[in-house]
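Structure file my_file.cif (mmCIF, C-alpha atoms and all ligand atoms) follows.
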data_coords
#
loop_
_atom_site.label_atom_id
_atom_site.label_comp_id
_atom_site.auth_asym_id
_atom_site.auth_seq_id
_atom_site.Cartn_x
_atom_site.Cartn_y
_atom_site.Cartn_z
CA MET I 199 122.39 67.65 134.87
CA ASN I 200 124.91 69.89 133.16
CA THR I 201 128.34 70.59 134.58
CA VAL I 202 130.40 73.74 134.93
CA GLN I 203 134.17 73.53 135.00
CA LEU I 204 135.83 75.66 137.66
CA ARG I 205 139.64 75.60 137.88
CA GLY I 206 139.52 72.21 136.19
CA VAL I 207 136.87 70.59 138.41
CA ASN I 208 133.52 69.69 136.79
CA PHE I 209 130.92 70.93 139.26
CA THR I 210 127.22 70.05 139.08
CA PRO I 211 125.38 73.28 139.86
CA GLY I 212 121.92 73.09 141.40
CA SER I 213 119.96 73.48 144.59
CA LEU I 214 119.91 70.90 147.37
CA GLU I 215 116.49 69.74 146.13
CA GLU I 216 117.57 69.50 142.48
CA ILE I 217 120.67 67.50 143.34
CA THR I 218 118.68 65.21 145.65
CA ASP I 219 116.06 64.54 142.94
CA HIS I 220 118.81 63.89 140.41
CA ILE I 221 120.47 61.32 142.68
CA LEU I 222 117.16 59.62 143.52
CA LYS I 223 116.33 59.37 139.82
CA ARG I 224 119.68 57.77 139.12
CA ILE I 225 119.00 55.24 141.91
CA LYS I 226 115.64 54.46 140.29
CA ASP I 227 117.32 54.06 136.89
CA GLY I 228 119.87 51.68 138.41
CA LYS I 229 122.82 53.93 137.56
CA GLN I 230 125.76 54.01 139.91
CA THR I 231 126.63 57.52 141.12
CA ALA I 232 129.71 58.77 142.91
CA VAL I 233 129.05 62.04 144.75
CA TYR I 234 131.96 64.23 145.80
CA THR I 235 131.65 67.43 147.76
CA PRO I 236 134.89 69.36 147.24
CA ASN I 237 135.61 72.70 148.84
CA SER I 238 138.26 75.13 147.63
CA GLU I 239 140.92 73.27 149.61
CA ILE I 240 140.35 70.20 147.44
CA VAL I 241 140.25 72.21 144.20
CA GLN I 242 143.58 73.75 145.23
CA LEU I 243 144.92 70.23 145.92
CA CYS I 244 144.02 69.34 142.31
CA ILE I 245 145.78 72.46 141.03
CA ASP I 246 148.87 71.51 143.07
CA ASP I 247 148.76 67.82 142.10
CA ASN I 248 147.17 67.39 138.67
CA SER I 249 146.80 63.63 139.07
CA LEU I 250 143.96 64.30 141.51
CA TYR I 251 141.79 65.77 138.73
CA ASP I 252 141.12 62.28 137.32
CA VAL I 253 139.95 61.08 140.73
CA ILE I 254 137.72 64.08 141.46
CA ASN I 255 136.27 64.42 137.96
CA SER I 256 135.38 60.72 137.83
CA ALA I 257 132.33 61.45 140.01
CA GLU I 258 128.96 61.86 138.31
CA VAL I 259 127.90 64.51 140.82
CA ILE I 260 130.32 67.11 142.21
CA ILE I 261 128.76 69.68 144.48
CA PRO I 262 130.38 72.88 145.72
CA ASP I 263 130.79 72.51 149.47
CA GLY I 264 132.40 75.71 150.61
CA ILE I 265 132.08 79.44 150.19
CA GLY I 266 135.50 79.58 148.47
CA VAL I 267 134.16 77.77 145.40
CA ILE I 268 131.20 80.16 145.17
CA LYS I 269 133.52 83.17 145.48
CA ALA I 270 135.77 81.77 142.74
CA ALA I 271 132.72 81.22 140.52
CA LYS I 272 131.82 84.88 141.04
CA ILE I 273 135.34 86.02 140.13
CA LEU I 274 135.27 83.87 136.98
CA LYS I 275 131.61 84.70 136.20
CA LEU I 276 130.61 81.04 136.21
CA PRO I 277 127.03 79.94 136.91
CA ILE I 278 127.69 78.22 140.24
CA LYS I 279 125.64 80.33 142.61
CA GLU I 280 124.61 78.07 145.41
CA ARG I 281 126.70 76.30 147.99
CA VAL I 282 125.40 72.81 148.77
CA PRO I 283 127.12 71.47 151.90
CA GLY I 284 127.83 67.75 151.59
CA ILE I 285 126.52 67.10 155.07
CA GLU I 286 123.16 68.66 154.15
CA LEU I 287 122.90 66.58 150.99
CA GLY I 288 123.80 63.49 153.03
CA GLU I 289 121.14 64.22 155.63
CA LYS I 290 118.55 65.04 152.96
CA LEU I 291 119.10 61.60 151.44
CA LEU I 292 118.78 59.99 154.89
CA SER I 293 115.49 61.81 155.38
CA VAL I 294 113.97 60.24 152.26
CA ALA I 295 115.69 56.84 152.41
CA ASN I 296 113.53 53.90 153.45
CA ALA I 297 113.73 50.10 153.34
CA ASP I 298 114.09 50.30 149.53
CA ILE I 299 117.22 52.43 149.90
CA PRO I 300 119.31 50.97 152.74
CA VAL I 301 122.31 53.03 153.81
CA PHE I 302 125.76 51.92 154.99
CA PHE I 303 127.91 54.25 157.14
CA MET I 304 131.65 53.83 156.75
CA GLY I 305 134.25 56.00 158.47
CA GLY I 306 135.13 57.75 161.67
CA LYS I 307 136.69 56.39 164.81
CA PRO I 308 135.34 53.08 166.21
CA GLY I 309 131.89 53.61 167.69
CA ILE I 310 131.12 56.82 165.79
CA ALA I 311 129.22 55.19 162.90
CA ASP I 312 127.07 53.20 165.40
CA GLU I 313 126.17 56.35 167.30
CA ALA I 314 125.48 58.24 164.07
CA ALA I 315 123.19 55.41 162.92
CA ALA I 316 121.27 55.38 166.21
CA LYS I 317 120.80 59.17 166.19
CA MET I 318 119.71 59.27 162.55
CA LYS I 319 117.29 56.36 162.95
CA GLU I 320 115.74 58.20 165.88
CA LYS I 321 115.31 61.29 163.69
CA TYR I 322 114.16 59.45 160.55
CA PRO I 323 112.19 56.33 161.59
CA ASP I 324 111.93 55.00 158.01
CA LEU I 325 115.69 54.98 157.61
CA VAL I 326 117.37 51.59 157.37
CA VAL I 327 121.08 51.59 158.21
CA CYS I 328 122.07 48.19 156.90
CA GLY I 329 125.69 48.28 158.04
CA ILE I 330 128.46 50.28 159.64
CA HIS I 331 132.25 50.17 159.69
CA ASP I 332 134.81 52.50 161.23
CA GLY I 333 137.31 54.21 158.95
CA TYR I 334 140.48 52.86 160.52
CA PHE I 335 141.36 49.85 158.42
CA LYS I 336 144.06 49.20 155.83
CA LYS I 337 142.74 50.65 152.57
CA SER I 338 144.27 47.91 150.41
CA GLY I 339 144.74 44.15 150.45
CA GLU I 340 142.80 41.64 152.53
CA GLU I 341 141.51 44.06 155.13
CA ASN I 342 140.05 46.31 152.46
CA ASP I 343 138.58 43.32 150.59
CA ALA I 344 136.82 42.20 153.78
CA VAL I 345 135.19 45.63 154.18
CA ILE I 346 134.10 45.57 150.51
CA GLU I 347 132.55 42.15 151.08
CA GLU I 348 130.74 43.39 154.18
CA ILE I 349 129.26 46.34 152.27
CA LYS I 350 128.16 44.10 149.39
CA LYS I 351 126.53 41.59 151.73
CA SER I 352 124.65 44.35 153.57
CA GLY I 353 122.63 45.12 150.42
CA ALA I 354 123.44 48.84 150.73
CA SER I 355 122.01 51.17 148.13
CA ILE I 356 123.78 54.26 149.50
CA LEU I 357 127.27 54.20 151.01
CA PHE I 358 128.62 57.13 153.02
CA VAL I 359 132.41 57.11 152.84
CA CYS I 360 133.68 59.37 155.63
CA LEU I 361 137.46 59.14 155.64
CA GLY I 362 138.35 62.81 155.07
CA ALA I 363 139.31 64.35 151.74
CA PRO I 364 140.93 63.37 149.45
CA ALA I 365 141.36 59.86 150.98
CA GLN I 366 137.63 59.11 150.65
CA GLU I 367 137.49 60.21 147.00
CA LYS I 368 140.53 58.04 146.22
CA TRP I 369 138.93 55.09 148.04
CA ILE I 370 135.69 55.43 146.06
CA TYR I 371 137.63 55.83 142.79
CA GLU I 372 139.63 52.67 143.47
CA ASN I 373 136.79 50.50 144.80
CA ARG I 374 133.53 51.54 143.11
CA GLU I 375 133.73 48.89 140.40
CA LYS I 376 133.87 46.15 143.02
CA LEU I 377 130.78 47.67 144.62
CA ASP I 378 128.57 47.58 141.53
CA SER I 379 125.48 46.73 143.59
CA VAL I 380 125.81 50.02 145.49
CA ASN I 381 123.92 52.83 143.74
CA VAL I 382 125.42 55.87 145.46
CA LEU I 383 128.90 56.30 146.94
CA MET I 384 129.33 59.62 148.70
CA GLY I 385 132.45 61.20 150.17
CA LEU I 386 131.23 62.98 153.30
CA GLY I 387 134.28 63.84 155.42
CA GLY I 388 133.48 64.36 159.08
CA SER I 389 129.68 64.04 158.68
CA LEU I 390 129.40 60.96 160.92
CA ASP I 391 131.13 62.92 163.71
CA VAL I 392 128.37 65.52 163.37
CA PHE I 393 125.50 63.01 162.99
CA SER I 394 126.71 61.21 166.12
CA GLY I 395 126.71 64.46 168.07
CA HIS I 396 130.47 64.43 168.73
CA VAL I 397 131.19 67.49 166.60
CA GLU I 398 128.94 70.51 166.21
CA ARG I 399 128.39 72.30 162.94
CA ALA I 400 129.02 76.03 162.93
CA PRO I 401 126.11 78.13 164.23
CA LYS I 402 123.83 79.61 161.55
CA PHE I 403 125.44 83.05 161.86
CA PHE I 404 128.81 81.68 160.62
CA CYS I 405 127.16 79.74 157.78
CA LYS I 406 125.09 82.74 156.65
CA PHE I 407 128.12 84.99 156.33
CA GLY I 408 130.35 82.37 154.72
CA LEU I 409 132.47 82.01 157.86
CA GLU I 410 132.05 78.31 158.57
CA TRP I 411 135.75 77.85 157.81
CA PHE I 412 136.60 80.41 160.52
CA TYR I 413 134.45 78.57 163.08
CA ARG I 414 136.17 75.29 162.24
CA LEU I 415 139.55 76.96 162.59
CA ILE I 416 138.69 78.20 166.09
CA LYS I 417 137.38 74.77 167.10
CA GLN I 418 140.08 72.73 165.36
CA PRO I 419 143.20 74.99 165.21
CA TYR I 420 145.30 72.06 163.95
CA ARG I 421 143.57 72.61 160.58
CA ILE I 422 145.60 75.79 160.00
CA GLY I 423 148.05 74.03 157.62
CA ARG I 424 145.23 72.73 155.44
CA MET I 425 143.44 76.05 155.57
CA MET I 426 146.38 77.94 154.13
CA LYS I 427 145.11 76.53 150.85
CA LEU I 428 142.07 78.83 151.06
CA PRO I 429 143.84 82.21 150.51
CA LYS I 430 146.11 80.50 147.98
CA PHE I 431 143.03 79.41 146.05
CA TYR I 432 141.28 82.79 146.33
CA PHE I 433 144.21 84.95 145.21
CA GLY I 434 145.29 82.28 142.74
CA THR I 435 141.87 82.50 141.12
CA TRP I 436 142.24 86.28 140.67
CA LEU I 437 145.66 85.74 139.12
CA TYR I 438 144.22 83.00 136.91
CA LYS I 439 141.49 85.40 135.71
CA ILE I 440 143.97 88.24 135.08
CA LYS I 441 146.01 85.85 132.94
CA GLY I 442 142.86 85.15 130.88
CA GLY I 443 141.73 81.89 132.49
CA LYS I 444 138.04 81.03 132.44
N1 LIG A 1 139.00 59.20 159.28
C1 LIG A 1 138.79 57.84 159.09
N2 LIG A 1 139.85 57.07 158.73
C2 LIG A 1 141.09 57.56 158.52
C3 LIG A 1 141.28 58.95 158.69
C4 LIG A 1 140.20 59.75 159.07
O1 LIG A 1 137.68 57.35 159.25
O2 LIG A 1 141.99 56.80 158.19
C5 LIG A 1 137.84 60.02 159.66
C6 LIG A 1 138.02 60.86 160.90
O3 LIG A 1 137.79 60.08 162.06
C7 LIG A 1 136.94 61.93 160.68
C8 LIG A 1 136.91 62.07 159.16
O4 LIG A 1 137.59 60.94 158.63
O5 LIG A 1 135.71 61.45 161.11
C9 LIG A 1 137.58 63.31 158.62
O6 LIG A 1 136.88 64.42 159.06
P1 LIG A 1 137.23 65.89 158.56
O7 LIG A 1 136.25 66.80 159.20
O8 LIG A 1 138.69 66.18 158.75
O9 LIG A 1 136.92 65.75 157.00
P2 LIG A 1 137.29 66.70 155.78
O10 LIG A 1 137.36 68.11 156.32
O11 LIG A 1 138.60 66.21 155.26
O12 LIG A 1 136.20 66.48 154.80
#
Would you encode the structure as structure tokens?
Ligand code: UDP
Amino acid sequence: MNTVQLRGVNFTPGSLEEITDHILKRIKDGKQTAVYTPNSEIVQLCIDDNSLYDVINSAEVIIPDGIGVIKAAKILKLPIKERVPGIELGEKLLSVANADIPVFFMGGKPGIADEAAAKMKEKYPDLVVCGIHDGYFKKSGEENDAVIEEIKKSGASILFVCLGAPAQEKWIYENREKLDSVNVLMGLGGSLDVFSGHVERAPKFFCKFGLEWFYRLIKQPYRIGRMMKLPKFYFGTWLYKIKGGK
């Protein structure tokens, strides 16, 4: 698939179905794929700290998760039209995964990945969750090595890395080589909290009108600091365009 660079991040435009097919084909071809799902907050983080570009752009598939990226694409007249929420891509893959594509859930507080696995297996009977691990371990040294070993031994084909952004992208970037038997490594933020039923996604109304961020802010007001990046990104993109940026 082709890529479109937006504010320095190489997005992979396409529908949920196209991206899913692309990932499944890469699994079939035995190619390892990192999948990141940045929203405008993460793009703004890259703009603020250029070293993050290498981490984010190292992924083979980068989907726009967030209305802010779509709005920026419109401002810059870039062909990124469709928002593909990471959680929807994750669930789509779970819906087609079977014994040939075992999935490992990593992340969330202790107990969350187990509950997410049970709920998803109930929903998709063909799904094989071959392992789980919570996200609260030391991300370097022996403790990290033990988790890597556990994932390798599980025979996972797809690994959901749910540590929050950009920690999960950094973890994948640093560890993917050691996990060469894993086909797909996806950064999926709080998806296991949602799959387990502990956190609800915004109602359809909010999603339809691009207000999912507002719903999250009401539900999780402590996110206000992080969310200040959204207006910075939006107005920054206008300024960038006025200065001739593409
Ligand atoms: N988390 C984790 N390990 C950590 C820090 C966070 O597993 O060291 C988990 C946390 O429990 C939550 C997820 O990472 O399930 C972050 O969710 P959030 O919705 O904040 O993700 P983001 O918006 O950053 O994608």
So that I can check the surroundings of region 261-275 of chain I, please list as a PyMOL selection string every protein, DNA and RNA residue that reaches within 8 Å of it, counting all atoms listed in the file and ignoring chain neighbours fewer than 3 positions away. chain I and resi 204+209-211+233-238+278-284+408+428+431-432+435-436+439+444
Could the residues of chain I that have an atom at most 8 Å from ligand LIG 1 (chain A) be listed as JSON lines, each with its closest atom pair and the distance in Å to one decimal, counting only C-alpha atoms and all ligand atoms and ordered by chain and ascending residue number?
{"residue": "I:Met304", "atom": "CA", "partner": "A:LIG1", "partner_atom": "O1", "distance": 7.4}
{"residue": "I:Gly305", "atom": "CA", "partner": "A:LIG1", "partner_atom": "O1", "distance": 3.8}
{"residue": "I:Gly306", "atom": "CA", "partner": "A:LIG1", "partner_atom": "O1", "distance": 3.5}
{"residue": "I:Lys307", "atom": "CA", "partner": "A:LIG1", "partner_atom": "O3", "distance": 4.7}
{"residue": "I:Asp332", "atom": "CA", "partner": "A:LIG1", "partner_atom": "O1", "distance": 6.0}
{"residue": "I:Gly333", "atom": "CA", "partner": "A:LIG1", "partner_atom": "O1", "distance": 3.2}
{"residue": "I:Tyr334", "atom": "CA", "partner": "A:LIG1", "partner_atom": "N2", "distance": 4.6}
{"residue": "I:Phe335", "atom": "CA", "partner": "A:LIG1", "partner_atom": "O2", "distance": 7.0}
{"residue": "I:Cys360", "atom": "CA", "partner": "A:LIG1", "partner_atom": "O4", "distance": 5.2}
{"residue": "I:Leu361", "atom": "CA", "partner": "A:LIG1", "partner_atom": "O4", "distance": 3.5}
{"residue": "I:Gly362", "atom": "CA", "partner": "A:LIG1", "partner_atom": "O11", "distance": 3.4}
{"residue": "I:Ala363", "atom": "CA", "partner": "A:LIG1", "partner_atom": "O11", "distance": 4.0}
{"residue": "I:Pro364", "atom": "CA", "partner": "A:LIG1", "partner_atom": "O11", "distance": 6.9}
{"residue": "I:Ala365", "atom": "CA", "partner": "A:LIG1", "partner_atom": "C3", "distance": 7.8}
{"residue": "I:Gly385", "atom": "CA", "partner": "A:LIG1", "partner_atom": "O12", "distance": 8.0}
{"residue": "I:Leu386", "atom": "CA", "partner": "A:LIG1", "partner_atom": "O12", "distance": 6.3}
{"residue": "I:Gly387", "atom": "CA", "partner": "A:LIG1", "partner_atom": "O12", "distance": 3.3}
{"residue": "I:Gly388", "atom": "CA", "partner": "A:LIG1", "partner_atom": "O6", "distance": 3.4}
{"residue": "I:Ser389", "atom": "CA", "partner": "A:LIG1", "partner_atom": "O5", "distance": 7.0}
{"residue": "I:Leu390", "atom": "CA", "partner": "A:LIG1", "partner_atom": "O5", "distance": 6.3}
{"residue": "I:Asp391", "atom": "CA", "partner": "A:LIG1", "partner_atom": "O5", "distance": 5.5}
Would you output that residue set with C-alpha atoms, as a short mmCIF file (atom, residue, chain, number, x, y, z; two decimals), keeping the file's coordinate frame?
data_model
loop_
_atom_site.label_atom_id
_atom_site.label_comp_id
_atom_site.auth_asym_id
_atom_site.auth_seq_id
_atom_site.Cartn_x
_atom_site.Cartn_y
_atom_site.Cartn_z
CA MET I 304 131.65 53.83 156.75
CA GLY I 305 134.25 56.00 158.47
CA GLY I 306 135.13 57.75 161.67
CA LYS I 307 136.69 56.39 164.81
CA ASP I 332 134.81 52.50 161.23
CA GLY I 333 137.31 54.21 158.95
CA TYR I 334 140.48 52.86 160.52
CA PHE I 335 141.36 49.85 158.42
CA CYS I 360 133.68 59.37 155.63
CA LEU I 361 137.46 59.14 155.64
CA GLY I 362 138.35 62.81 155.07
CA ALA I 363 139.31 64.35 151.74
CA PRO I 364 140.93 63.37 149.45
CA ALA I 365 141.36 59.86 150.98
CA GLY I 385 132.45 61.20 150.17
CA LEU I 386 131.23 62.98 153.30
CA GLY I 387 134.28 63.84 155.42
CA GLY I 388 133.48 64.36 159.08
CA SER I 389 129.68 64.04 158.68
CA LEU I 390 129.40 60.96 160.92
CA ASP I 391 131.13 62.92 163.71
#
Ranking I:Asn255, I:Glu289, I:Glu340, I:His331 by minimum distance to Pro308 (chain I) and counting all atoms listed in the file, which one comes first? I:His331
Given only C-alpha atoms as the basis, pick out the residue of I:Gly434, I:Ala354, I:Gly329, I:His220 nearest to Asp246 (chain I).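 Closest to Asp246 (chain I) of all the choices is I:Gly434.
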Box dimensions and centre (Å, one decimal) enclosing region 287-304 of chain I, axis-aligned, 3 Å extra per side, as lines of an AutoDock Vina configuration file:
center_x = 122.6
center_y = 58.3
center_z = 153.3
size_x = 24.1
size_y = 22.5
size_z = 13.6
CA of Ser394 (chain I) and CA of Glu313 (chain I) are how many Å apart?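 Computing the Euclidean distance for CA of Ser394 (chain I) and CA of Glu313 (chain I) yields 5.0 Å.
Across the structure, CA of Leu357 (chain I) and CA of Gly288 (chain I) are spaced 10.1 Å apart.
What separates CA of Lys337 (chain I) from CA of Val359 (chain I) is a distance of 12.2 Å.
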Among the residues I:Ser352, I:Ile299, I:Phe404, I:Leu287, the one that comes closest to Gly228 (chain I) [using only C-alpha atoms]: I:Ile299
Please return, as a list in words, all polymer residues that have at least one atom within 12 Å of the point (131.9, 59.0, 135.1); use only C-alpha atoms and the file's own coordinate frame.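 Final list of nearby residues, as requested, is Asn208, Lys229, Gln230, Thr231, Ala232, Val233, Tyr234, Asp252, Val253, Ile254, Asn255, Ser256, Ala257, Glu258, Val259, Ile260, Tyr371, Arg374 and Glu375 of chain I.
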Any chance you can output those residues with C-alpha atoms as an mmCIF file, in the coordinates of the input?
data_model
loop_
_atom_site.group_PDB
_atom_site.id
_atom_site.type_symbol
_atom_site.label_atom_id
_atom_site.label_comp_id
_atom_site.auth_asym_id
_atom_site.auth_seq_id
_atom_site.Cartn_x
_atom_site.Cartn_y
_atom_site.Cartn_z
ATOM 1 C CA ASN I 208 133.520 69.690 136.790
ATOM 2 C CA LYS I 229 122.820 53.930 137.560
ATOM 3 C CA GLN I 230 125.760 54.010 139.910
ATOM 4 C CA THR I 231 126.630 57.520 141.120
ATOM 5 C CA ALA I 232 129.710 58.770 142.910
ATOM 6 C CA VAL I 233 129.050 62.040 144.750
ATOM 7 C CA TYR I 234 131.960 64.230 145.800
ATOM 8 C CA ASP I 252 141.120 62.280 137.320
ATOM 9 C CA VAL I 253 139.950 61.080 140.730
ATOM 10 C CA ILE I 254 137.720 64.080 141.460
ATOM 11 C CA ASN I 255 136.270 64.420 137.960
ATOM 12 C CA SER I 256 135.380 60.720 137.830
ATOM 13 C CA ALA I 257 132.330 61.450 140.010
ATOM 14 C CA GLU I 258 128.960 61.860 138.310
ATOM 15 C CA VAL I 259 127.900 64.510 140.820
ATOM 16 C CA ILE I 260 130.320 67.110 142.210
ATOM 17 C CA TYR I 371 137.630 55.830 142.790
ATOM 18 C CA ARG I 374 133.530 51.540 143.110
ATOM 19 C CA GLU I 375 133.730 48.890 140.400
#
